[in-house]
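One file, upload_19.txt, is given below (compact mmCIF, C-alpha atoms).
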```txt
# COMPACT_ATOMS: atom_id res chain seq x y z
CA MET A 160 47.35 4.47 48.93
CA ARG A 161 48.21 6.17 52.22
CA ARG A 162 50.90 8.59 51.11
CA LEU A 163 50.05 12.27 51.28
CA ASP A 164 49.16 12.52 47.60
CA TRP A 165 45.91 14.12 48.74
CA LEU A 166 47.85 16.92 50.43
CA CYS A 167 50.13 18.12 47.65
CA THR A 168 49.25 20.58 44.95
CA GLY A 169 49.43 19.56 41.33
CA CYS A 170 49.66 15.87 42.14
CA THR A 171 48.08 12.94 40.35
CA VAL A 172 45.77 10.38 41.91
CA PRO A 173 44.18 7.35 40.30
CA SER A 174 40.60 7.58 39.21
CA GLY A 175 38.17 6.23 41.76
CA VAL A 176 35.21 7.01 43.92
CA ILE A 177 34.98 8.67 47.30
CA SER A 178 31.82 7.68 49.15
CA TRP A 179 30.51 10.21 51.63
CA GLY A 180 27.10 10.56 53.22
CA GLY A 181 25.49 8.24 50.69
CA LEU A 182 27.05 10.06 47.75
CA ASP A 183 29.53 8.41 45.40
CA LEU A 184 31.85 11.14 44.15
CA PRO A 185 34.08 10.04 41.24
CA VAL A 186 37.57 11.54 41.23
CA HIS A 187 39.46 11.89 37.97
CA SER A 188 43.18 12.46 37.73
CA PRO A 189 45.11 14.57 37.33
CA LEU A 190 43.47 17.52 39.08
CA PRO A 191 45.05 20.85 38.12
CA SER A 192 46.55 22.65 41.09
CA SER A 193 45.74 26.01 39.55
CA SER A 194 42.02 25.46 39.58
CA PRO A 195 39.98 25.87 42.78
CA LEU A 196 37.11 24.00 41.12
CA PRO A 197 38.22 20.52 40.01
CA ALA A 198 35.80 18.62 37.80
CA MET A 199 34.15 15.69 39.56
CA GLY A 200 31.41 13.29 38.58
CA THR A 201 29.80 12.36 35.31
CA GLY A 202 30.13 15.42 33.14
CA LEU A 203 31.58 18.46 34.87
CA VAL A 204 29.86 18.70 38.24
CA LEU A 205 31.68 21.56 39.92
CA LEU A 206 31.96 21.51 43.68
CA PRO A 207 31.59 24.74 45.65
CA LEU A 208 34.39 27.28 45.75
CA LEU A 209 35.43 26.11 49.20
CA LEU A 210 36.78 22.85 47.79
CA LEU A 211 40.48 22.81 48.51
CA PRO A 212 42.91 22.97 45.58
CA PHE A 213 44.74 19.77 46.46
CA CYS A 214 44.40 16.14 45.47
CA MET A 215 42.63 13.60 47.64
CA ALA A 216 43.62 10.00 48.03
CA VAL A 217 41.12 7.36 47.02
CA ASP A 218 41.21 4.50 49.52
CA ASP A 219 38.25 2.58 50.86
CA HIS A 220 39.96 2.42 54.25
CA TYR A 221 39.39 6.13 54.74
CA ALA A 222 36.41 8.36 55.23
CA PHE A 223 36.93 12.07 55.59
CA PRO A 224 37.73 13.53 58.07
CA LEU A 225 40.99 11.63 58.35
CA VAL A 226 42.02 10.10 61.68
CA VAL A 227 45.53 10.29 63.15
CA GLY A 228 46.58 8.52 66.35
CA HIS A 229 47.77 11.09 68.90
CA ARG A 230 51.19 9.98 70.19
CA GLY A 231 50.25 6.66 68.65
CA CYS A 232 47.21 5.78 70.66
CA CYS A 233 46.89 7.10 74.18
CA ALA A 234 43.76 8.46 75.85
CA TYR A 235 44.06 11.15 78.51
CA ASN A 236 40.80 10.76 80.37
CA THR A 237 40.17 7.07 79.77
CA PRO A 238 42.40 4.10 80.52
CA ALA A 239 45.16 4.26 77.92
CA LEU A 240 45.64 1.07 75.93
CA TYR A 241 49.33 1.61 75.23
CA PRO A 242 52.05 3.91 76.56
CA GLU A 243 52.27 7.12 74.55
CA ASN A 244 55.00 7.68 71.97
CA THR A 245 56.13 4.07 71.97
CA VAL A 246 56.42 1.47 69.22
CA PRO A 247 53.56 -0.63 70.71
CA ALA A 248 51.28 2.43 70.56
CA PHE A 249 52.23 3.10 66.94
CA GLN A 250 51.68 -0.53 65.99
CA TYR A 251 48.27 -0.57 67.65
CA ALA A 252 47.17 2.59 65.84
CA ALA A 253 48.37 1.05 62.56
CA SER A 254 46.20 -2.00 63.19
CA LEU A 255 42.97 0.03 63.36
CA ARG A 256 40.96 0.21 60.17
CA GLY A 257 40.46 3.79 59.06
CA VAL A 258 43.48 5.26 60.87
CA MET A 259 45.65 6.87 58.22
CA GLY A 260 48.53 7.96 60.40
CA ILE A 261 50.23 8.64 63.69
CA GLU A 262 51.55 11.73 65.42
CA SER A 263 54.62 11.96 67.61
CA ASP A 264 56.95 14.45 69.29
CA LEU A 265 60.58 14.89 68.26
CA ARG A 266 63.50 15.92 70.46
CA PHE A 267 67.27 15.49 70.54
CA SER A 268 69.14 13.25 72.92
CA LYS A 269 72.37 14.55 74.40
CA ASP A 270 74.33 12.86 71.62
CA GLY A 271 72.12 14.24 68.85
CA VAL A 272 69.82 11.31 68.14
CA VAL A 273 66.20 12.15 67.30
CA VAL A 274 63.98 10.51 69.94
CA LEU A 275 60.23 10.60 70.60
CA VAL A 276 59.16 12.10 73.93
CA HIS A 277 56.40 14.67 74.40
CA ASP A 278 57.59 16.47 77.53
CA PRO A 279 60.97 18.19 77.87
CA THR A 280 61.60 15.94 80.88
CA LEU A 281 61.28 12.20 81.38
CA ASP A 282 59.46 12.35 84.71
CA ARG A 283 55.85 11.88 83.62
CA THR A 284 56.17 9.06 81.11
CA THR A 285 59.19 7.06 82.28
CA ASN A 286 60.87 5.84 85.45
CA CYS A 287 63.70 8.32 84.84
CA THR A 288 63.91 12.00 85.75
CA GLY A 289 65.40 15.12 84.24
CA PRO A 290 65.56 16.69 80.79
CA VAL A 291 65.56 14.44 77.74
CA VAL A 292 68.39 16.45 76.20
CA ASP A 293 70.67 15.71 79.18
CA LYS A 294 70.76 11.96 78.45
CA THR A 295 72.51 10.08 75.68
CA LEU A 296 70.59 7.55 73.64
CA SER A 297 72.16 4.76 75.66
CA GLU A 298 70.96 6.39 78.88
CA LEU A 299 67.49 6.93 77.43
CA ARG A 300 67.36 3.26 76.46
CA ALA A 301 67.73 2.42 80.14
CA CYS A 302 64.53 4.37 80.91
CA ASP A 303 61.27 2.43 80.96
CA ALA A 304 58.56 4.19 78.93
CA GLY A 305 55.84 1.65 79.68
CA VAL A 306 55.90 0.62 83.32
CA LYS A 307 54.16 3.75 84.63
CA LEU A 308 51.09 2.98 82.56
CA ASP A 309 50.94 -0.70 83.36
CA PRO A 310 53.46 -3.29 84.63
CA LYS A 311 52.67 -5.40 81.56
CA PHE A 312 54.49 -2.78 79.47
CA ALA A 313 57.64 -2.92 81.59
CA GLY A 314 60.74 -2.75 79.46
CA THR A 315 59.21 -0.62 76.69
CA PRO A 316 62.00 1.72 75.55
CA VAL A 317 61.96 5.35 74.51
CA PRO A 318 61.91 5.05 70.69
CA THR A 319 63.94 6.83 68.07
CA LEU A 320 62.40 8.47 65.02
CA GLU A 321 63.91 5.70 62.92
CA GLU A 322 61.99 3.03 64.84
CA ALA A 323 58.71 4.90 64.39
CA LEU A 324 59.35 5.31 60.67
CA GLN A 325 59.89 1.58 60.37
CA VAL A 326 56.27 1.18 61.54
CA VAL A 327 55.16 3.87 59.10
CA GLN A 328 56.94 2.10 56.27
CA ALA A 329 55.63 -1.35 57.18
CA HIS A 330 52.01 -0.16 57.26
CA ASP A 331 52.19 2.61 54.61
CA LEU A 332 51.09 5.25 57.11
CA THR A 333 51.46 8.99 57.32
CA MET A 334 53.25 10.54 60.30
CA LEU A 335 52.84 14.05 61.68
CA LEU A 336 56.18 15.11 63.13
CA ASP A 337 55.66 17.54 66.02
CA LEU A 338 59.03 19.27 66.04
CA LYS A 339 59.34 20.16 69.72
CA VAL A 340 62.78 21.78 69.48
CA PRO A 341 64.43 23.90 66.79
CA GLY A 342 67.28 22.69 64.61
CA LEU A 343 65.94 19.27 63.66
CA ALA A 344 65.86 19.82 59.90
CA SER A 345 69.17 18.24 58.90
CA SER A 346 68.71 15.15 61.09
CA VAL A 347 65.11 14.63 59.97
CA LYS A 348 66.14 14.96 56.31
CA SER A 349 68.81 12.26 56.67
CA ILE A 350 66.43 9.82 58.36
CA LEU A 351 63.56 10.39 55.92
CA GLU A 352 65.85 9.92 52.94
CA LYS A 353 67.27 6.74 54.42
CA TYR A 354 63.79 5.18 54.41
CA HIS A 355 62.50 7.04 51.32
CA LEU A 356 59.60 8.44 53.35
CA GLU A 357 59.77 12.11 52.41
CA GLN A 358 56.14 11.95 51.23
CA ASN A 359 54.84 9.98 54.19
CA VAL A 360 55.22 12.72 56.75
CA VAL A 361 53.92 16.18 57.52
CA LEU A 362 56.51 18.47 59.08
CA GLY A 363 54.85 20.09 62.09
CA VAL A 364 57.00 23.21 62.37
CA ARG A 365 56.77 25.41 65.46
CA PHE A 366 59.78 27.73 65.25
CA GLU A 367 60.21 30.58 62.80
CA GLU A 368 63.87 29.75 62.14
CA ASP A 369 62.97 26.21 61.02
CA PHE A 370 60.70 27.07 58.10
CA ALA A 371 63.49 28.12 55.73
CA ASP A 372 65.66 25.15 56.71
CA PHE A 373 62.96 22.57 56.04
CA LEU A 374 61.88 24.25 52.82
CA SER A 375 65.48 24.18 51.61
CA LEU A 376 66.32 20.63 52.72
CA LEU A 377 62.94 18.94 52.12
CA PRO A 378 61.20 21.12 49.50
CA THR A 379 58.67 18.46 48.45
CA THR A 380 57.72 17.25 51.94
CA PRO A 381 54.35 18.64 53.13
CA MET A 382 54.75 21.30 55.77
CA GLY A 383 52.37 22.26 58.54
CA PHE A 384 52.39 24.91 61.24
CA ILE A 385 51.77 23.94 64.86
CA GLY A 386 50.73 26.92 66.90
CA SER A 387 47.74 29.17 67.48
CA PRO A 388 45.36 30.92 65.07
CA PRO A 389 45.32 34.71 64.83
CA GLY A 390 42.91 36.68 66.98
CA ASP A 391 40.98 37.68 63.86
CA ALA A 392 39.64 34.64 61.99
CA HIS A 393 39.73 36.65 58.76
CA ASP A 394 43.34 37.88 59.14
CA VAL A 395 44.46 37.80 55.50
CA THR A 396 48.08 38.57 56.43
CA PHE A 397 48.27 35.42 58.54
CA PHE A 398 47.26 33.22 55.61
CA GLN A 399 49.45 35.07 53.12
CA ASP A 400 52.49 34.63 55.35
CA ALA A 401 51.71 30.94 55.83
CA LEU A 402 51.39 30.35 52.09
CA LYS A 403 54.71 32.10 51.45
CA LYS A 404 56.29 29.55 53.76
CA GLN A 405 54.64 26.74 51.77
CA ILE A 406 52.46 25.79 54.74
CA ARG A 407 49.50 23.69 53.66
CA SER A 408 48.27 22.39 57.02
CA LEU A 409 47.43 24.27 60.20
CA VAL A 410 47.72 22.07 63.29
CA PHE A 411 45.81 23.79 66.08
CA ALA A 412 44.10 22.83 69.30
CA GLN A 413 40.39 22.44 68.74
CA SER A 414 39.65 24.80 71.61
CA LYS A 415 41.49 27.61 69.79
CA THR A 416 39.64 27.43 66.47
CA VAL A 417 36.23 28.77 65.53
CA PRO A 418 34.08 27.83 62.50
CA ALA A 419 34.86 31.12 60.76
CA PHE A 420 38.58 30.38 60.90
CA VAL A 421 38.10 26.86 59.54
CA MET A 422 36.19 28.27 56.57
CA GLU A 423 38.80 30.98 56.01
CA ALA A 424 41.58 28.37 56.04
CA HIS A 425 39.71 26.34 53.44
CA ARG A 426 39.19 29.44 51.34
CA HIS A 427 42.97 29.85 51.25
CA GLY A 428 43.49 26.23 50.25
CA MET A 429 44.73 25.05 53.65
CA GLN A 430 43.79 22.10 55.83
CA LEU A 431 42.82 22.21 59.51
CA TRP A 432 44.29 19.42 61.63
CA THR A 433 42.78 19.57 65.10
CA TRP A 434 43.95 18.05 68.38
CA SER A 435 43.22 16.37 70.61
CA VAL A 436 39.71 15.28 69.64
CA ASP A 437 39.00 12.66 72.31
CA THR A 438 35.40 12.92 73.53
CA GLN A 439 31.99 12.59 71.92
CA GLU A 440 31.42 16.33 72.40
CA ASP A 441 34.80 17.23 70.82
CA LEU A 442 34.12 14.96 67.87
CA ALA A 443 30.64 16.38 67.32
CA ASP A 444 32.01 19.93 67.33
CA ALA A 445 34.88 19.09 64.97
CA LEU A 446 32.55 17.32 62.55
CA ARG A 447 30.13 20.23 62.62
CA ASP A 448 32.87 22.81 62.04
CA GLY A 449 34.44 20.93 59.13
CA HIS A 450 37.92 20.10 60.42
CA ASP A 451 39.88 17.99 57.95
CA THR A 452 41.96 15.72 60.17
CA PHE A 453 41.32 14.57 63.73
CA ILE A 454 44.41 13.97 65.85
CA THR A 455 42.91 11.82 68.54
CA SER A 456 43.96 9.76 71.52
CA ASN A 457 40.91 7.57 70.92
CA PRO A 458 40.91 6.57 67.22
CA GLY A 459 38.18 3.97 67.70
CA LEU A 460 35.77 6.52 69.13
CA ALA A 461 36.61 8.94 66.32
CA GLN A 462 35.87 6.32 63.67
CA ASP A 463 32.55 5.49 65.31
CA ALA A 464 31.55 9.17 65.40
CA ILE A 465 32.47 9.68 61.76
CA ALA A 466 30.56 6.59 60.67
CA LYS A 467 27.51 7.65 62.69
CA THR A 468 27.58 11.14 61.20
CA ARG A 469 27.88 9.77 57.67
CA LYS A 470 24.87 7.57 58.26
CA GLN A 471 22.76 10.35 59.74
CA CYS A 472 23.63 13.14 57.32
CA LYS A 473 21.37 13.87 54.38
CA PHE A 474 22.33 16.11 51.50
CA ASP A 475 20.06 17.99 49.14
CA GLN A 476 22.79 18.71 46.61
CA VAL A 477 26.29 17.65 45.67
CA GLU A 478 28.50 19.28 48.29
CA TRP A 479 31.67 18.47 50.15
CA PRO A 480 30.37 18.07 53.68
CA MET A 481 33.72 17.46 55.31
CA LEU A 482 34.97 20.85 54.20
CA ARG A 483 31.77 22.79 54.65
CA GLY A 484 30.52 21.27 57.86
CA VAL A 485 27.17 20.65 56.16
CA CYS A 486 24.96 18.14 57.95
CA THR A 487 21.20 18.04 58.12
CA GLN A 488 20.11 15.50 60.68
```
Write the structure described by the file as structure tokens, please.
Amino acid sequence: MRRLDWLCTGCTVPSGVISWGGLDLPVHSPLPSSSPLPAMGTGLVLLPLLLLPFCMAVDDHYAFPLVVGHRGCCAYNTPALYPENTVPAFQYAASLRGVMGIESDLRFSKDGVVVLVHDPTLDRTTNCTGPVVDKTLSELRACDAGVKLDPKFAGTPVPTLEEALQVVQAHDLTMLLDLKVPGLASSVKSILEKYHLEQNVVLGVRFEEDFADFLSLLPTTPMGFIGSPPGDAHDVTFFQDALKKQIRSLVFAQSKTVPAFVMEAHRHGMQLWTWSVDTQEDLADALRDGHDTFITSNPGLAQDAIAKTRKQCKFDQVEWPMLRGVCTQ
């Protein structure tokens, strides 16, 4: 089960066991969304108050924290295996055990098609130049999104959102949609409904005017906020405003978050998705601080770090180490 059942409130998951740090934690369904202390284990073993009030998927492919392939699978400071934001990159990420999803960047073409390009221009990642929005889909198709990385990827096209969702559907993945421009709500709704994938994505909203549109058009689709944390890690107003907008995930750069903010987010029942966690040092810090999802350009390295930490960690009591950042080595 790779859908975002673990992200919604008041959802139902099958009974099962999550193994973490040598502990087998049974999960019983349904878990009431109103209670911050779901019952887990034989009898009623109550986890600490910081346990988030959402359901968690039970799947032996996954070990918390969850791993998401950044722009599919592309490393900044190491030789990239596949060109970013392309179908081959998404397919490679999907092939890696333990990777639960992919992340990509959405923009409009000149003729209103939703395409996947990170930068506002084509210069860095393709053999074309100029703004993405100035070219029709047909013109974008003539751009090569692979040759700059390696001649062996020559002919790799700029993909549409539909093509990426076909990979998501085929592999039962989750996809974080980084909504780079405002006004995408109606187009995204139509495409998600076409493939029946409303619960396989997280809407990464950046613009204030988009929140109401997405909440109206896709009320059951998980919504996240991509931006920056407040200056004060304990800013109650920030979290109250986010919850009013039905935001359940905060997608922030790792360099902009501090442990106190992570704990405050958890206290308000919100997840921290951090990007881009690509080095051993970044991964160690994110594991220590208790981030929930790693958006990484190096999924293999992230999986190795998580497995190593699970093996090394020892726990004196039943806790939820992923959320609390508890690790005695």
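Shortest separation to Asp337 of chain A among A:Val258, A:Val272, A:Val364, A:Val317 occurs at residue A:Val364, atoms counted being only C-alpha atoms.
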For Val226 of chain A, please output as an mmCIF file with C-alpha atoms, in the coordinates of the input all residues within 6 Å (counting only C-alpha atoms; exclusion window: fewer than 6 positions along the same chain).
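Resulting contents of out13.cif:
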```
data_model
loop_
_atom_site.group_PDB
_atom_site.id
_atom_site.type_symbol
_atom_site.label_atom_id
_atom_site.label_comp_id
_atom_site.auth_asym_id
_atom_site.auth_seq_id
_atom_site.Cartn_x
_atom_site.Cartn_y
_atom_site.Cartn_z
ATOM 1 C CA VAL A 258 43.480 5.260 60.870
ATOM 2 C CA MET A 259 45.650 6.870 58.220
ATOM 3 C CA THR A 452 41.960 15.720 60.170
ATOM 4 C CA PHE A 453 41.320 14.570 63.730
#
```
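All residues of protein, DNA or RNA that reach within 12 Å of Glu322 of chain A, judged by only C-alpha atoms and not counting those fewer than 5 positions away in the chain, are Asn244, Thr245, Val246, Pro247, Phe249, Gln250, Ser263, Val272, Val273, Val274, Leu275, Pro316, Val317, Val327, Gln328, Ala329, Ile350, Leu351 and Tyr354 of chain A.
The shortest atom-to-atom distance to Gly305 of chain A, with all atoms listed in the file taken into account, belongs to A:Asn286 out of A:Gln413, A:Thr319, A:Ser254, A:Asn286.
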Test item: residues at most 10 Å from Asp372 of chain A, all atoms listed in the file, excluding those fewer than 3 positions along its chain, as a list of chain:residue names: A:Gly342, A:Leu343, A:Ala344, A:Ser345, A:Glu367, A:Glu368, A:Asp369, A:Ser375, A:Leu376, A:Leu377, A:Pro378
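You will find atom CA of Thr379 of chain A at 10.8 Å from atom CA of Leu362 of chain A.
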Between atom CA of Lys404 of chain A and atom CA of Phe370 of chain A, distance in Å (one decimal): 6.7 Å
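A straight line drawn from atom CA of Ala253 of chain A to atom CA of Thr315 of chain A is 17.9 Å long.
Using only C-alpha atoms, the shortest contact distance between Pro242 of chain A and any of A:Ile385, A:Leu281, A:Ala301, A:Ala313 is found at A:Ala313.
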Any idea what's packed within 12 Å of Thr288 of chain A, counting only C-alpha atoms, ignoring anything in its chain fewer than 2 positions away? Could you give it as a PDB file with C-alpha atoms, in the coordinates of the input?
```pdb
ATOM      1  CA  ASP A 278      57.590  16.470  77.530  1.00  0.00           C
ATOM      2  CA  PRO A 279      60.970  18.190  77.870  1.00  0.00           C
ATOM      3  CA  THR A 280      61.600  15.940  80.880  1.00  0.00           C
ATOM      4  CA  LEU A 281      61.280  12.200  81.380  1.00  0.00           C
ATOM      5  CA  ASP A 282      59.460  12.350  84.710  1.00  0.00           C
ATOM      6  CA  ARG A 283      55.850  11.880  83.620  1.00  0.00           C
ATOM      7  CA  THR A 284      56.170   9.060  81.110  1.00  0.00           C
ATOM      8  CA  THR A 285      59.190   7.060  82.280  1.00  0.00           C
ATOM      9  CA  ASN A 286      60.870   5.840  85.450  1.00  0.00           C
ATOM     10  CA  PRO A 290      65.560  16.690  80.790  1.00  0.00           C
ATOM     11  CA  VAL A 291      65.560  14.440  77.740  1.00  0.00           C
ATOM     12  CA  VAL A 292      68.390  16.450  76.200  1.00  0.00           C
ATOM     13  CA  ASP A 293      70.670  15.710  79.180  1.00  0.00           C
ATOM     14  CA  LYS A 294      70.760  11.960  78.450  1.00  0.00           C
ATOM     15  CA  GLU A 298      70.960   6.390  78.880  1.00  0.00           C
ATOM     16  CA  LEU A 299      67.490   6.930  77.430  1.00  0.00           C
ATOM     17  CA  ALA A 301      67.730   2.420  80.140  1.00  0.00           C
ATOM     18  CA  CYS A 302      64.530   4.370  80.910  1.00  0.00           C
ATOM     19  CA  ASP A 303      61.270   2.430  80.960  1.00  0.00           C
ATOM     20  CA  ALA A 304      58.560   4.190  78.930  1.00  0.00           C
TER      21      ALA A 304
END
```
Selected residue, from A:Val306, A:Leu356, A:Ala461, A:Ala466, that lies nearest to Gln325 of chain A when counting only C-alpha atoms: A:Leu356
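Proximity ranking of A:Gly363, A:Gly383, A:Gly428, A:Pro224 relative to Ala443 of chain A places A:Pro224 first, based on only C-alpha atoms.
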For Ala392 of chain A: contacts at 9 Å, only C-alpha atoms, fewer than 3 positions along chain excluded, given as a CSV table (one decimal) with C-alpha atoms, keeping the file's coordinate frame:
```
chain,number,residue,atom,x,y,z
A,388,PRO,CA,45.4,30.9,65.1
A,389,PRO,CA,45.3,34.7,64.8
A,395,VAL,CA,44.5,37.8,55.5
A,416,THR,CA,39.6,27.4,66.5
A,417,VAL,CA,36.2,28.8,65.5
A,418,PRO,CA,34.1,27.8,62.5
A,419,ALA,CA,34.9,31.1,60.8
A,420,PHE,CA,38.6,30.4,60.9
A,421,VAL,CA,38.1,26.9,59.5
A,423,GLU,CA,38.8,31.0,56.0
A,424,ALA,CA,41.6,28.4,56.0
```
Enclose the full set of atoms of segment 238-255 of chain A listed in the file within a box whose edges lie along x, y and z, apply 6 Å of padding to each of the six sides, and report centre and edge lengths in Å to one decimal as JSON.
```
{"center_x": 49.4, "center_y": 2.8, "center_z": 71.5, "size_x": 26.0, "size_y": 21.7, "size_z": 30.0}
```
